[in-house]
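Chemist: Sending over a structure as C-alpha cells; questions will come in a sec.
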Amino acid sequence: MAREKILFICRECGYEAYKWMGHCPSCHGWQTFQEERVSKGPLKTGSALQGGGEMQLLNDIAPLKEERYLTGIGEFDRVLGGGAVPGSTILIGGDPGIGKSTLLLQAALQLSSRNYKVIYVTGEESLQQVKMRAARLNLNGDSLLVLAETEYETIERQLLQSAPHLVILDSIQTMFKSEIGTVPGSIVQVREVTASLIQLAKSRQFTFFIVGHVTKEGTIAGPRLLEHMVDCVLYLEGERYQNFRILRGVKNRFGSTNEIGIFTMESRGLVEVDNPSALFLEQRPVDAPGSVVVPSMEGTRPLLVEIQALVTPSCFGANPRRVSTGLDYNRVALIIAVLEKRLGLQLYNGDIFVNAVGGVKVMEPAVDLGVSLSISSSFLDKRVLPNTLVVGEIGLTGEVRPVNRLEERLREGVKMGFQRCIVPSGNLNKTFKENISDLSPKLDITGVSTLAEALDFVLPG
C-alpha cells in the first residue's frame, strides 16, 4: 500500500508545497493554499494529443474536417460558437439549482434523438432520479444511455467499450481516481480526473460536457487551473427569484468568448428566449426619472437593457452609499466623479443606486452615457425623452467617445420601436450614414461630443 504524504496546493494555479504559505510564489495569490493528503505512488501519465511527441511541419499536418454537434437548443449552440467540437472538453458552472443538469439533460436527449450516441454519467443522482427528471420535462429518452458511477476507472472502461460521440458528467466534484488517496472533490482529484478526461477526449475524439460546482465567490470549485485546461468554460447565471437564466461563455477556443444565451425556467425545463430585448423591456416604466435604455453588445448579439438609477439624500450621517448591480462598480464611481466635476452635480452627499434591470451583467464602456444620464435624470427628477436610446463611452474630461458596431445596435432599437438615439459624434462619418440610410426615416439620430450636450438634449429644461 502506497504511503500518504501531505501537500499544500494552491487553489488558483495548482502550485504544490510541502508546507503552508500565505503567499503563492507562482500566481502571487494570498490565502490560496489548501491541505491535501496525496498517495505517494506515481500517477499514470501520457500524451493527450494525437501525434504527440512527434514534430511536423505546419504545412504537412492534415487538417481536421470542421464538424460540430448541434444540440438542437439554439441559444446553447450560439454560446458554443455553432455547436460542440468533437474532442473538446466543455466545463459548465453555476449556482446550485440554477438549471445546469436540466439544460444538459435536455441537450443530451436532443442529441440522442438525432442518431448521436450520448452517455449521461451521473454521480449525484440515481438512475431512477434521472428518469423522473426526464419524465417531469416530458422528454423521450429512448436512445439516451445513462450511467450512475463515480469511479473514474469504471467510467473510462464503459466509455471505451461504448465509443460515444458525446459524454455528460454531472459533476466533476463527485468523480475520483482510486489510485489517488484523497476524497472526491479535493484539488488533486478534480485536477487529475479532468486531465485524464481531456486526454481521453483528444485521443478518442469524445466530446465531454462537465458540470462544475461553484464556490461562494461564484467561481468553479477546485483549482483555477481547471479553467485553463478545458477548451470551453460556460457559466449559467440567474436570480433565484426570477425565472430567466443567462448562459455566458467566458472561454471558448472554438468561438467567441462574449456570447450569451438567454432562457426562461418553465415547468418543462429551460426554454429559449427568441427576443431577449423584449424580455428585459416588457415592464419598463414610462415617464419615470432615472430610467434609460442602452443598446449593449453581447458577443454578436445586440441587446437592449434598461438602466435604472436612484439618487437620494443620505440621511444616516455616514459616508454616502454607492451600490451597483449588474454594472462595474469602479466604472460607476468614475462616472459619478465626472458628473460632479464636469457638470457640477452635487452628488457627494447622496446615496446612489444603479441597476441593470433583469439581472443581466453589462460591462462594456458603451453604456457609460446611459448610466450617466440615468443618474442625472434621477438627481434632477426629470424624465428622459420617451422612446430614446443612449449609447456612448465617457472620458474623464466629459467627452463622449465613439463605440463599435453602432449600426447593429441601432437596428435592434428600430426593431423594438425606438424613435430617436443619442450617439457619439465621432461615429457619424460618411460611411456610417450611408450604411444606415434605410433607418433614417424611422430613427432620429443625434450626435453629441460632450456629456453636457447629451444632458441638454435628453433632459430639456
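FYI, nothing fancy with the C-alpha cells labels: chains A, B, ... in order, residues from 1 per chain, ligands from 1 as they appear.
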Quick one: residues within 12 Å of stretch 211-213 of chain A, only C-alpha atoms counted, chain neighbours fewer than 6 positions away excluded, as a PDB file with N, CA and C atoms, in the first residue's frame?

Modeler:
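This is the output file result12.pdb:
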```
ATOM      1  N   THR A  89     -13.525  19.580 -24.539  1.00  0.00           N
ATOM      2  CA  THR A  89     -14.000  19.428 -23.160  1.00  0.00           C
ATOM      3  C   THR A  89     -14.622  20.744 -22.731  1.00  0.00           C
ATOM      4  N   ILE A  90     -15.885  20.702 -22.345  1.00  0.00           N
ATOM      5  CA  ILE A  90     -16.672  21.902 -22.044  1.00  0.00           C
ATOM      6  C   ILE A  90     -17.080  21.857 -20.574  1.00  0.00           C
ATOM      7  N   LEU A  91     -16.708  22.887 -19.839  1.00  0.00           N
ATOM      8  CA  LEU A  91     -16.993  22.982 -18.413  1.00  0.00           C
ATOM      9  C   LEU A  91     -18.129  23.959 -18.186  1.00  0.00           C
ATOM     10  N   ILE A  92     -19.156  23.536 -17.457  1.00  0.00           N
ATOM     11  CA  ILE A  92     -20.325  24.374 -17.188  1.00  0.00           C
ATOM     12  C   ILE A  92     -20.478  24.538 -15.680  1.00  0.00           C
ATOM     13  N   GLY A  93     -20.456  25.787 -15.228  1.00  0.00           N
ATOM     14  CA  GLY A  93     -20.611  26.081 -13.805  1.00  0.00           C
ATOM     15  C   GLY A  93     -21.849  26.917 -13.554  1.00  0.00           C
ATOM     16  N   GLY A  94     -22.221  27.017 -12.283  1.00  0.00           N
ATOM     17  CA  GLY A  94     -23.390  27.796 -11.898  1.00  0.00           C
ATOM     18  C   GLY A  94     -23.808  27.481 -10.482  1.00  0.00           C
ATOM     19  N   ASP A  95     -24.620  28.339  -9.902  1.00  0.00           N
ATOM     20  CA  ASP A  95     -25.097  28.140  -8.539  1.00  0.00           C
ATOM     21  C   ASP A  95     -25.951  26.884  -8.435  1.00  0.00           C
ATOM     22  N   PRO A  96     -26.065  26.318  -7.242  1.00  0.00           N
ATOM     23  CA  PRO A  96     -26.937  25.144  -7.061  1.00  0.00           C
ATOM     24  C   PRO A  96     -28.379  25.474  -7.426  1.00  0.00           C
ATOM     25  N   GLY A  97     -29.020  24.554  -8.163  1.00  0.00           N
ATOM     26  CA  GLY A  97     -30.416  24.727  -8.530  1.00  0.00           C
ATOM     27  C   GLY A  97     -30.669  25.693  -9.648  1.00  0.00           C
ATOM     28  N   ILE A  98     -29.630  26.181 -10.322  1.00  0.00           N
ATOM     29  CA  ILE A  98     -29.803  27.181 -11.374  1.00  0.00           C
ATOM     30  C   ILE A  98     -30.293  26.550 -12.669  1.00  0.00           C
ATOM     31  N   GLY A  99     -30.057  25.230 -12.856  1.00  0.00           N
ATOM     32  CA  GLY A  99     -30.551  24.554 -14.056  1.00  0.00           C
ATOM     33  C   GLY A  99     -29.483  23.910 -14.914  1.00  0.00           C
ATOM     34  N   LYS A 100     -28.273  23.699 -14.376  1.00  0.00           N
ATOM     35  CA  LYS A 100     -27.185  23.103 -15.170  1.00  0.00           C
ATOM     36  C   LYS A 100     -27.546  21.697 -15.623  1.00  0.00           C
ATOM     37  N   SER A 101     -27.978  20.870 -14.683  1.00  0.00           N
ATOM     38  CA  SER A 101     -28.314  19.484 -15.019  1.00  0.00           C
ATOM     39  C   SER A 101     -29.513  19.418 -15.952  1.00  0.00           C
ATOM     40  N   THR A 102     -30.478  20.299 -15.748  1.00  0.00           N
ATOM     41  CA  THR A 102     -31.664  20.323 -16.617  1.00  0.00           C
ATOM     42  C   THR A 102     -31.278  20.677 -18.045  1.00  0.00           C
ATOM     43  N   LEU A 103     -30.436  21.694 -18.209  1.00  0.00           N
ATOM     44  CA  LEU A 103     -30.010  22.106 -19.549  1.00  0.00           C
ATOM     45  C   LEU A 103     -29.256  20.987 -20.248  1.00  0.00           C
ATOM     46  N   LEU A 104     -28.340  20.333 -19.547  1.00  0.00           N
ATOM     47  CA  LEU A 104     -27.551  19.276 -20.171  1.00  0.00           C
ATOM     48  C   LEU A 104     -28.384  18.034 -20.461  1.00  0.00           C
ATOM     49  N   LEU A 105     -29.357  17.736 -19.615  1.00  0.00           N
ATOM     50  CA  LEU A 105     -30.237  16.606 -19.914  1.00  0.00           C
ATOM     51  C   LEU A 105     -31.078  16.898 -21.147  1.00  0.00           C
ATOM     52  N   TYR A 120     -24.956   9.817 -20.494  1.00  0.00           N
ATOM     53  CA  TYR A 120     -25.143  10.749 -19.382  1.00  0.00           C
ATOM     54  C   TYR A 120     -24.640  10.054 -18.119  1.00  0.00           C
ATOM     55  N   VAL A 121     -23.508  10.520 -17.588  1.00  0.00           N
ATOM     56  CA  VAL A 121     -22.902   9.941 -16.391  1.00  0.00           C
ATOM     57  C   VAL A 121     -23.273  10.802 -15.194  1.00  0.00           C
ATOM     58  N   THR A 122     -23.969  10.232 -14.251  1.00  0.00           N
ATOM     59  CA  THR A 122     -24.403  10.983 -13.077  1.00  0.00           C
ATOM     60  C   THR A 122     -23.727  10.443 -11.826  1.00  0.00           C
ATOM     61  N   GLY A 123     -23.162  11.358 -11.058  1.00  0.00           N
ATOM     62  CA  GLY A 123     -22.562  10.979  -9.788  1.00  0.00           C
ATOM     63  C   GLY A 123     -23.329  11.524  -8.605  1.00  0.00           C
ATOM     64  N   GLU A 124     -24.418  12.233  -8.873  1.00  0.00           N
ATOM     65  CA  GLU A 124     -25.195  12.859  -7.805  1.00  0.00           C
ATOM     66  C   GLU A 124     -26.614  12.317  -7.710  1.00  0.00           C
ATOM     67  N   VAL A 167     -20.317  12.825 -24.122  1.00  0.00           N
ATOM     68  CA  VAL A 167     -20.445  12.333 -22.751  1.00  0.00           C
ATOM     69  C   VAL A 167     -20.724  13.521 -21.844  1.00  0.00           C
ATOM     70  N   ILE A 168     -21.688  13.368 -20.952  1.00  0.00           N
ATOM     71  CA  ILE A 168     -22.027  14.403 -19.971  1.00  0.00           C
ATOM     72  C   ILE A 168     -21.724  13.853 -18.586  1.00  0.00           C
ATOM     73  N   LEU A 169     -20.908  14.570 -17.820  1.00  0.00           N
ATOM     74  CA  LEU A 169     -20.552  14.150 -16.463  1.00  0.00           C
ATOM     75  C   LEU A 169     -21.093  15.159 -15.468  1.00  0.00           C
ATOM     76  N   ASP A 170     -21.908  14.693 -14.558  1.00  0.00           N
ATOM     77  CA  ASP A 170     -22.569  15.534 -13.569  1.00  0.00           C
ATOM     78  C   ASP A 170     -22.344  14.927 -12.179  1.00  0.00           C
ATOM     79  N   SER A 171     -21.380  15.421 -11.433  1.00  0.00           N
ATOM     80  CA  SER A 171     -20.493  16.549 -11.693  1.00  0.00           C
ATOM     81  C   SER A 171     -19.052  16.090 -11.502  1.00  0.00           C
ATOM     82  N   ILE A 172     -18.087  16.941 -11.859  1.00  0.00           N
ATOM     83  CA  ILE A 172     -16.681  16.578 -11.764  1.00  0.00           C
ATOM     84  C   ILE A 172     -16.248  16.431 -10.312  1.00  0.00           C
ATOM     85  N   GLN A 173     -16.914  17.126  -9.378  1.00  0.00           N
ATOM     86  CA  GLN A 173     -16.528  17.046  -7.961  1.00  0.00           C
ATOM     87  C   GLN A 173     -16.885  15.699  -7.328  1.00  0.00           C
ATOM     88  N   THR A 174     -17.746  14.910  -7.963  1.00  0.00           N
ATOM     89  CA  THR A 174     -18.099  13.595  -7.411  1.00  0.00           C
ATOM     90  C   THR A 174     -17.220  12.485  -7.968  1.00  0.00           C
ATOM     91  N   MET A 175     -16.444  12.746  -9.027  1.00  0.00           N
ATOM     92  CA  MET A 175     -15.615  11.716  -9.647  1.00  0.00           C
ATOM     93  C   MET A 175     -14.289  11.579  -8.900  1.00  0.00           C
ATOM     94  N   GLY A 185     -13.647  15.437  -4.877  1.00  0.00           N
ATOM     95  CA  GLY A 185     -13.840  16.872  -4.745  1.00  0.00           C
ATOM     96  C   GLY A 185     -12.611  17.619  -4.291  1.00  0.00           C
ATOM     97  N   VAL A 190      -9.897  16.513  -8.511  1.00  0.00           N
ATOM     98  CA  VAL A 190     -10.517  17.277  -9.593  1.00  0.00           C
ATOM     99  C   VAL A 190      -9.522  17.519 -10.719  1.00  0.00           C
ATOM    100  N   THR A 194      -9.881  15.516 -14.351  1.00  0.00           N
ATOM    101  CA  THR A 194     -10.075  16.373 -15.524  1.00  0.00           C
ATOM    102  C   THR A 194      -8.974  16.167 -16.551  1.00  0.00           C
ATOM    103  N   THR A 219     -17.035  31.272  -8.390  1.00  0.00           N
ATOM    104  CA  THR A 219     -16.109  30.628  -9.312  1.00  0.00           C
ATOM    105  C   THR A 219     -16.203  29.123  -9.171  1.00  0.00           C
ATOM    106  N   ILE A 220     -15.763  28.409 -10.209  1.00  0.00           N
ATOM    107  CA  ILE A 220     -15.856  26.952 -10.188  1.00  0.00           C
ATOM    108  C   ILE A 220     -14.940  26.398  -9.120  1.00  0.00           C
ATOM    109  N   ALA A 221     -15.468  25.482  -8.277  1.00  0.00           N
ATOM    110  CA  ALA A 221     -14.698  24.911  -7.182  1.00  0.00           C
ATOM    111  C   ALA A 221     -13.551  24.074  -7.723  1.00  0.00           C
ATOM    112  N   GLY A 222     -12.450  24.013  -6.932  1.00  0.00           N
ATOM    113  CA  GLY A 222     -11.271  23.300  -7.384  1.00  0.00           C
ATOM    114  C   GLY A 222     -10.200  24.284  -7.816  1.00  0.00           C
ATOM    115  N   PRO A 223      -9.081  23.788  -8.343  1.00  0.00           N
ATOM    116  CA  PRO A 223      -8.019  24.704  -8.761  1.00  0.00           C
ATOM    117  C   PRO A 223      -8.443  25.554  -9.952  1.00  0.00           C
ATOM    118  N   ARG A 224      -8.032  26.816  -9.965  1.00  0.00           N
ATOM    119  CA  ARG A 224      -8.347  27.693 -11.095  1.00  0.00           C
ATOM    120  C   ARG A 224      -7.714  27.177 -12.380  1.00  0.00           C
ATOM    121  N   LEU A 226      -8.113  24.470 -13.547  1.00  0.00           N
ATOM    122  CA  LEU A 226      -9.125  23.677 -14.245  1.00  0.00           C
ATOM    123  C   LEU A 226      -9.699  24.433 -15.441  1.00  0.00           C
ATOM    124  N   GLU A 227      -9.929  25.718 -15.298  1.00  0.00           N
ATOM    125  CA  GLU A 227     -10.493  26.511 -16.386  1.00  0.00           C
ATOM    126  C   GLU A 227      -9.494  26.699 -17.521  1.00  0.00           C
ATOM    127  N   VAL A 230      -9.451  23.093 -19.805  1.00  0.00           N
ATOM    128  CA  VAL A 230     -10.551  22.722 -20.699  1.00  0.00           C
ATOM    129  C   VAL A 230     -10.589  23.665 -21.901  1.00  0.00           C
ATOM    130  N   CYS A 232     -13.536  24.990 -23.215  1.00  0.00           N
ATOM    131  CA  CYS A 232     -14.631  25.954 -23.158  1.00  0.00           C
ATOM    132  C   CYS A 232     -15.154  26.020 -21.728  1.00  0.00           C
ATOM    133  N   VAL A 233     -15.411  27.232 -21.249  1.00  0.00           N
ATOM    134  CA  VAL A 233     -15.967  27.435 -19.908  1.00  0.00           C
ATOM    135  C   VAL A 233     -17.231  28.272 -20.034  1.00  0.00           C
ATOM    136  N   LEU A 234     -18.335  27.732 -19.532  1.00  0.00           N
ATOM    137  CA  LEU A 234     -19.618  28.416 -19.567  1.00  0.00           C
ATOM    138  C   LEU A 234     -20.142  28.577 -18.147  1.00  0.00           C
ATOM    139  N   TYR A 235     -20.832  29.679 -17.898  1.00  0.00           N
ATOM    140  CA  TYR A 235     -21.480  29.906 -16.610  1.00  0.00           C
ATOM    141  C   TYR A 235     -22.974  30.117 -16.845  1.00  0.00           C
ATOM    142  N   LEU A 236     -23.786  29.413 -16.080  1.00  0.00           N
ATOM    143  CA  LEU A 236     -25.234  29.613 -16.110  1.00  0.00           C
ATOM    144  C   LEU A 236     -25.601  30.499 -14.935  1.00  0.00           C
TER     145      LEU A 236
END
```

Chemist: Where does DSSP see alpha helix (DSSP H) in stretch 81-235 of chain A, if you list the residues as a ChimeraX atom specification?

Modeler: /A:100-112,127-136,152-162,187-204,225-229

Chemist: For stretch 326-328 of chain A, list every protein, DNA or RNA residue within 8 Å, evaluated using only C-alpha atoms, and leave out those in the same chain fewer than 2 positions away; present the list as a compact mmCIF listing (two decimals) with N, CA and C atoms, in the first residue's frame.

Modeler:
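Okay, this is what ended up in part_33.txt:
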```txt
# COMPACT_ATOMS: atom_id res chain seq x y z
N SER A 324 -24.00 49.27 -6.98
CA SER A 324 -24.11 48.98 -8.40
C SER A 324 -24.44 47.51 -8.59
N ASN A 330 -16.49 50.11 -10.20
CA ASN A 330 -15.47 51.14 -10.40
C ASN A 330 -15.82 52.07 -11.56
N ARG A 331 -16.46 51.50 -12.59
CA ARG A 331 -16.86 52.34 -13.72
C ARG A 331 -17.95 53.32 -13.30
N VAL A 332 -18.89 52.85 -12.48
CA VAL A 332 -19.95 53.73 -11.99
C VAL A 332 -19.38 54.83 -11.12
N VAL A 354 -27.52 52.10 -8.69
CA VAL A 354 -27.61 51.90 -10.13
C VAL A 354 -27.82 50.42 -10.41
N ASN A 355 -28.75 50.12 -11.32
CA ASN A 355 -29.13 48.72 -11.55
C ASN A 355 -29.36 48.47 -13.03
N ALA A 356 -28.80 47.38 -13.55
CA ALA A 356 -29.14 46.89 -14.88
C ALA A 356 -30.31 45.93 -14.70
N VAL A 357 -31.49 46.33 -15.17
CA VAL A 357 -32.73 45.63 -14.86
C VAL A 357 -32.73 44.24 -15.50
N GLY A 359 -31.27 41.46 -14.11
CA GLY A 359 -30.20 40.58 -13.66
C GLY A 359 -29.08 40.39 -14.67
N VAL A 360 -29.16 41.03 -15.83
CA VAL A 360 -28.11 40.91 -16.83
C VAL A 360 -26.90 41.74 -16.40
N LYS A 361 -25.70 41.27 -16.72
CA LYS A 361 -24.47 41.99 -16.41
C LYS A 361 -23.98 42.70 -17.65
N VAL A 362 -23.84 44.03 -17.55
CA VAL A 362 -23.40 44.85 -18.68
C VAL A 362 -22.07 45.49 -18.28
N MET A 363 -20.99 45.08 -18.95
CA MET A 363 -19.66 45.55 -18.55
C MET A 363 -18.98 46.42 -19.59
```

Chemist: Quick one: residues within 7 Å of A:Phe33, only C-alpha atoms counted, chain neighbours fewer than 5 positions away excluded, as number ranges by chain?

Modeler: A: 8-11, 20-21

Chemist: Restricting the output to N, CA and C atoms, write the selected residues as a CSV table (one decimal), in the first residue's frame.

Modeler:
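Below you can see selection17.csv, which holds the result:
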```csv
chain,number,residue,atom,x,y,z
A,8,PHE,N,0.5,21.0,0.3
A,8,PHE,CA,-0.3,22.2,0.3
A,8,PHE,C,-0.4,22.7,-1.1
A,9,ILE,N,-1.6,22.8,-1.7
A,9,ILE,CA,-1.8,23.1,-3.1
A,9,ILE,C,-2.6,24.4,-3.2
A,10,CYS,N,-2.1,25.2,-4.2
A,10,CYS,CA,-2.8,26.5,-4.4
A,10,CYS,C,-4.0,26.3,-5.2
A,11,ARG,N,-5.1,26.8,-4.8
A,11,ARG,CA,-6.4,26.7,-5.5
A,11,ARG,C,-6.4,27.4,-6.8
A,20,TRP,N,2.6,25.0,4.5
A,20,TRP,CA,1.6,26.1,4.2
A,20,TRP,C,2.3,27.4,4.1
A,21,MET,N,1.9,28.2,3.1
A,21,MET,CA,2.4,29.5,2.8
A,21,MET,C,1.2,30.5,2.6
```

Chemist: Can you tell me how far atom CA of A:Arg411 sits from atom CA of A:Leu439, in Å to one decimal?

Modeler: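 Answer for the atom CA of A:Arg411 to atom CA of A:Leu439 separation: 7.6 Å.
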
Chemist: Please compute the atom CA of A:Ile375-atom CA of A:Thr450 distance, one decimal, in Å.

Modeler: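 Taking atom CA of A:Ile375 and atom CA of A:Thr450, their separation equals 16.2 Å.
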
Chemist: Neighbours of A:Leu200 within 9 Å (only C-alpha atoms; same-chain residues fewer than 4 positions away dropped), as a ChimeraX atom specification?

Modeler: /A:48,87,156,195-196,204-206

Chemist: Write out the residues from the selection above, keeping C-alpha atoms, as a short mmCIF file (atom, residue, chain, number, x, y, z; two decimals), in the first residue's frame.

Modeler:
```cif
data_model
loop_
_atom_site.label_atom_id
_atom_site.label_comp_id
_atom_site.auth_asym_id
_atom_site.auth_seq_id
_atom_site.Cartn_x
_atom_site.Cartn_y
_atom_site.Cartn_z
CA ALA A 48 -3.22 13.73 -24.58
CA GLY A 87 -12.68 16.05 -29.00
CA GLU A 156 -13.37 5.08 -18.64
CA ALA A 195 -6.61 15.82 -17.02
CA SER A 196 -7.49 12.18 -17.75
CA ARG A 204 -10.65 9.18 -28.94
CA GLN A 205 -12.45 12.35 -30.17
CA PHE A 206 -15.07 12.14 -27.42
#
```

Chemist: Do you know which residues are at most 10 Å from A:Pro313 counting only C-alpha atoms, after dropping those on the same chain fewer than 2 positions away, and could you put them as an mmCIF file with N, CA and C atoms, in the first residue's frame?

Modeler:
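Output below, filename result_30.cif:
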```cif
data_model
loop_
_atom_site.group_PDB
_atom_site.id
_atom_site.type_symbol
_atom_site.label_atom_id
_atom_site.label_comp_id
_atom_site.auth_asym_id
_atom_site.auth_seq_id
_atom_site.Cartn_x
_atom_site.Cartn_y
_atom_site.Cartn_z
ATOM 1 N N VAL A 311 -31.093 58.406 -6.956
ATOM 2 C CA VAL A 311 -30.233 59.296 -6.163
ATOM 3 C C VAL A 311 -31.100 59.918 -5.085
ATOM 4 N N CYS A 315 -29.232 60.173 4.720
ATOM 5 C CA CYS A 315 -29.804 60.634 5.988
ATOM 6 C C CYS A 315 -29.188 59.939 7.200
ATOM 7 N N PHE A 316 -28.127 59.185 6.992
ATOM 8 C CA PHE A 316 -27.593 58.393 8.095
ATOM 9 C C PHE A 316 -26.324 58.992 8.701
ATOM 10 N N PRO A 320 -21.868 58.399 2.164
ATOM 11 C CA PRO A 320 -22.971 58.045 1.266
ATOM 12 C C PRO A 320 -22.736 56.685 0.614
ATOM 13 N N LEU A 347 -23.404 65.429 -6.094
ATOM 14 C CA LEU A 347 -23.757 64.046 -5.768
ATOM 15 C C LEU A 347 -23.003 63.517 -4.553
ATOM 16 N N TYR A 348 -22.094 64.302 -3.993
ATOM 17 C CA TYR A 348 -21.190 63.796 -2.947
ATOM 18 C C TYR A 348 -21.929 63.427 -1.661
ATOM 19 N N ASN A 349 -23.093 64.038 -1.413
ATOM 20 C CA ASN A 349 -23.811 63.769 -0.165
ATOM 21 C C ASN A 349 -25.096 62.978 -0.385
ATOM 22 N N GLY A 350 -25.165 62.242 -1.496
ATOM 23 C CA GLY A 350 -26.365 61.455 -1.778
ATOM 24 C C GLY A 350 -26.051 59.981 -1.933
ATOM 25 N N ASP A 351 -26.997 59.139 -1.543
ATOM 26 C CA ASP A 351 -26.897 57.699 -1.802
ATOM 27 C C ASP A 351 -27.284 57.451 -3.257
ATOM 28 N N ILE A 352 -26.465 56.673 -3.961
ATOM 29 C CA ILE A 352 -26.700 56.422 -5.384
ATOM 30 C C ILE A 352 -26.772 54.920 -5.613
ATOM 31 N N PHE A 379 -31.305 62.512 -10.213
ATOM 32 C CA PHE A 379 -30.892 63.615 -9.345
ATOM 33 C C PHE A 379 -31.707 64.878 -9.624
#
```

Chemist: Please return, as a PyMOL selection string, all residues of stretch 9-169 of chain A that DSSP assigns to strand (DSSP E) on the basis of the backbone.

Modeler: chain A and resi 9-10+16-17+33-39+89-94+118-122+145-148+166-169

Chemist: With distances taken over only C-alpha atoms, which of A:Lys341, A:Arg383, A:Lys117, A:Arg409 is nearest to A:Leu396?

Modeler: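 Using only C-alpha atoms, the shortest distance to A:Leu396 belongs to A:Lys341.
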
Chemist: Measuring atom to atom with only C-alpha atoms, identify which of A:Ile335, A:Met297, A:Val323, A:Ile73 is nearest to A:Leu247.

Modeler: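 Using only C-alpha atoms, A:Leu247 sits closest to A:Ile73.
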
Chemist: Would you mind listing what lies within 12 Å of A:Asn140 as a list in words, with only C-alpha atoms counted and same-chain residues fewer than 2 positions away left out?

Modeler: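 The filter keeps Leu105, Gln106, Ala107, Ala108, Leu109, Gln110, Leu111, Ser112, Ser113, Lys131, Met132, Arg133, Ala134, Ala135, Arg136, Leu137, Asn138, Asp142, Ser143 and Leu144 of chain A.
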
Chemist: Could the residues in this selection be written to a file with N, CA and C atoms, as a compact mmCIF listing (two decimals), in the first residue's frame?

Modeler:
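Saved to selection-v7.txt:
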```txt
# COMPACT_ATOMS: atom_id res chain seq x y z
N LEU A 105 -29.36 17.74 -19.62
CA LEU A 105 -30.24 16.61 -19.91
C LEU A 105 -31.08 16.90 -21.15
N GLN A 106 -31.57 18.12 -21.27
CA GLN A 106 -32.31 18.49 -22.48
C GLN A 106 -31.43 18.37 -23.71
N ALA A 107 -30.19 18.85 -23.62
CA ALA A 107 -29.27 18.76 -24.76
C ALA A 107 -28.94 17.32 -25.09
N ALA A 108 -28.76 16.48 -24.05
CA ALA A 108 -28.44 15.07 -24.28
C ALA A 108 -29.58 14.36 -25.00
N LEU A 109 -30.81 14.63 -24.59
CA LEU A 109 -31.95 13.98 -25.23
C LEU A 109 -32.15 14.48 -26.65
N GLN A 110 -31.88 15.76 -26.89
CA GLN A 110 -31.97 16.29 -28.25
C GLN A 110 -30.93 15.63 -29.16
N LEU A 111 -29.70 15.51 -28.66
CA LEU A 111 -28.62 14.93 -29.47
C LEU A 111 -28.86 13.44 -29.72
N SER A 112 -29.29 12.72 -28.70
CA SER A 112 -29.52 11.28 -28.87
C SER A 112 -30.67 10.99 -29.82
N SER A 113 -31.63 11.90 -29.91
CA SER A 113 -32.74 11.70 -30.84
C SER A 113 -32.34 11.92 -32.28
N LYS A 131 -34.43 9.45 -14.53
CA LYS A 131 -35.64 9.13 -15.30
C LYS A 131 -36.82 9.99 -14.85
N MET A 132 -36.93 10.23 -13.54
CA MET A 132 -38.01 11.08 -13.04
C MET A 132 -37.88 12.50 -13.57
N ARG A 133 -36.64 13.01 -13.65
CA ARG A 133 -36.43 14.37 -14.15
C ARG A 133 -36.78 14.46 -15.64
N ALA A 134 -36.41 13.44 -16.39
CA ALA A 134 -36.76 13.42 -17.81
C ALA A 134 -38.27 13.35 -18.00
N ALA A 135 -38.96 12.58 -17.14
CA ALA A 135 -40.41 12.48 -17.24
C ALA A 135 -41.08 13.80 -16.87
N ARG A 136 -40.52 14.49 -15.89
CA ARG A 136 -41.07 15.80 -15.50
C ARG A 136 -40.95 16.80 -16.62
N LEU A 137 -39.86 16.70 -17.38
CA LEU A 137 -39.65 17.60 -18.51
C LEU A 137 -40.39 17.14 -19.76
N ASN A 138 -41.06 15.99 -19.65
CA ASN A 138 -41.84 15.44 -20.77
C ASN A 138 -40.94 15.19 -21.98
N ASP A 142 -35.54 7.38 -25.34
CA ASP A 142 -35.41 6.02 -25.89
C ASP A 142 -33.98 5.68 -26.25
N SER A 143 -33.19 6.66 -26.70
CA SER A 143 -31.84 6.36 -27.21
C SER A 143 -30.72 6.95 -26.36
N LEU A 144 -31.04 7.45 -25.16
CA LEU A 144 -30.02 8.03 -24.29
C LEU A 144 -29.54 6.98 -23.29
```

Chemist: Out of A:Asp456, A:Asp274, A:Glu364, A:Glu259, which residue has the shortest atom-to-atom distance to A:Leu343 when counting only C-alpha atoms?

Modeler: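 With only C-alpha atoms as the atom set, the closest residue is A:Asp456.
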
Chemist: When you draw a straight line from atom CA of A:Glu67 to atom CA of A:His228, how long is it in Å?

Modeler: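 Between these atoms lies a distance of 23.3 Å.
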
Chemist: Which residue out of A:Thr182, A:Val391, A:Gly74, A:Pro86 has the minimum interatomic distance to A:Phe263 when only C-alpha atoms are used?

Modeler: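 Result for the nearest residue to A:Phe263: A:Gly74.
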
Chemist: Just checking: using only C-alpha atoms, which residue out of A:Ser440, A:Thr150, A:Thr207, A:Gln283 ends up closest to A:Val85?

Modeler: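 Going through A:Ser440, A:Thr150, A:Thr207, A:Gln283 one by one, the smallest distance to A:Val85 is for A:Thr207.
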
Chemist: Between A:Lys177, A:Leu139, A:Ser88, A:Ile119, which has the minimum distance to A:Ser162 (counting only C-alpha atoms)?

Modeler: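 Smallest distance to A:Ser162 is found for A:Ile119.
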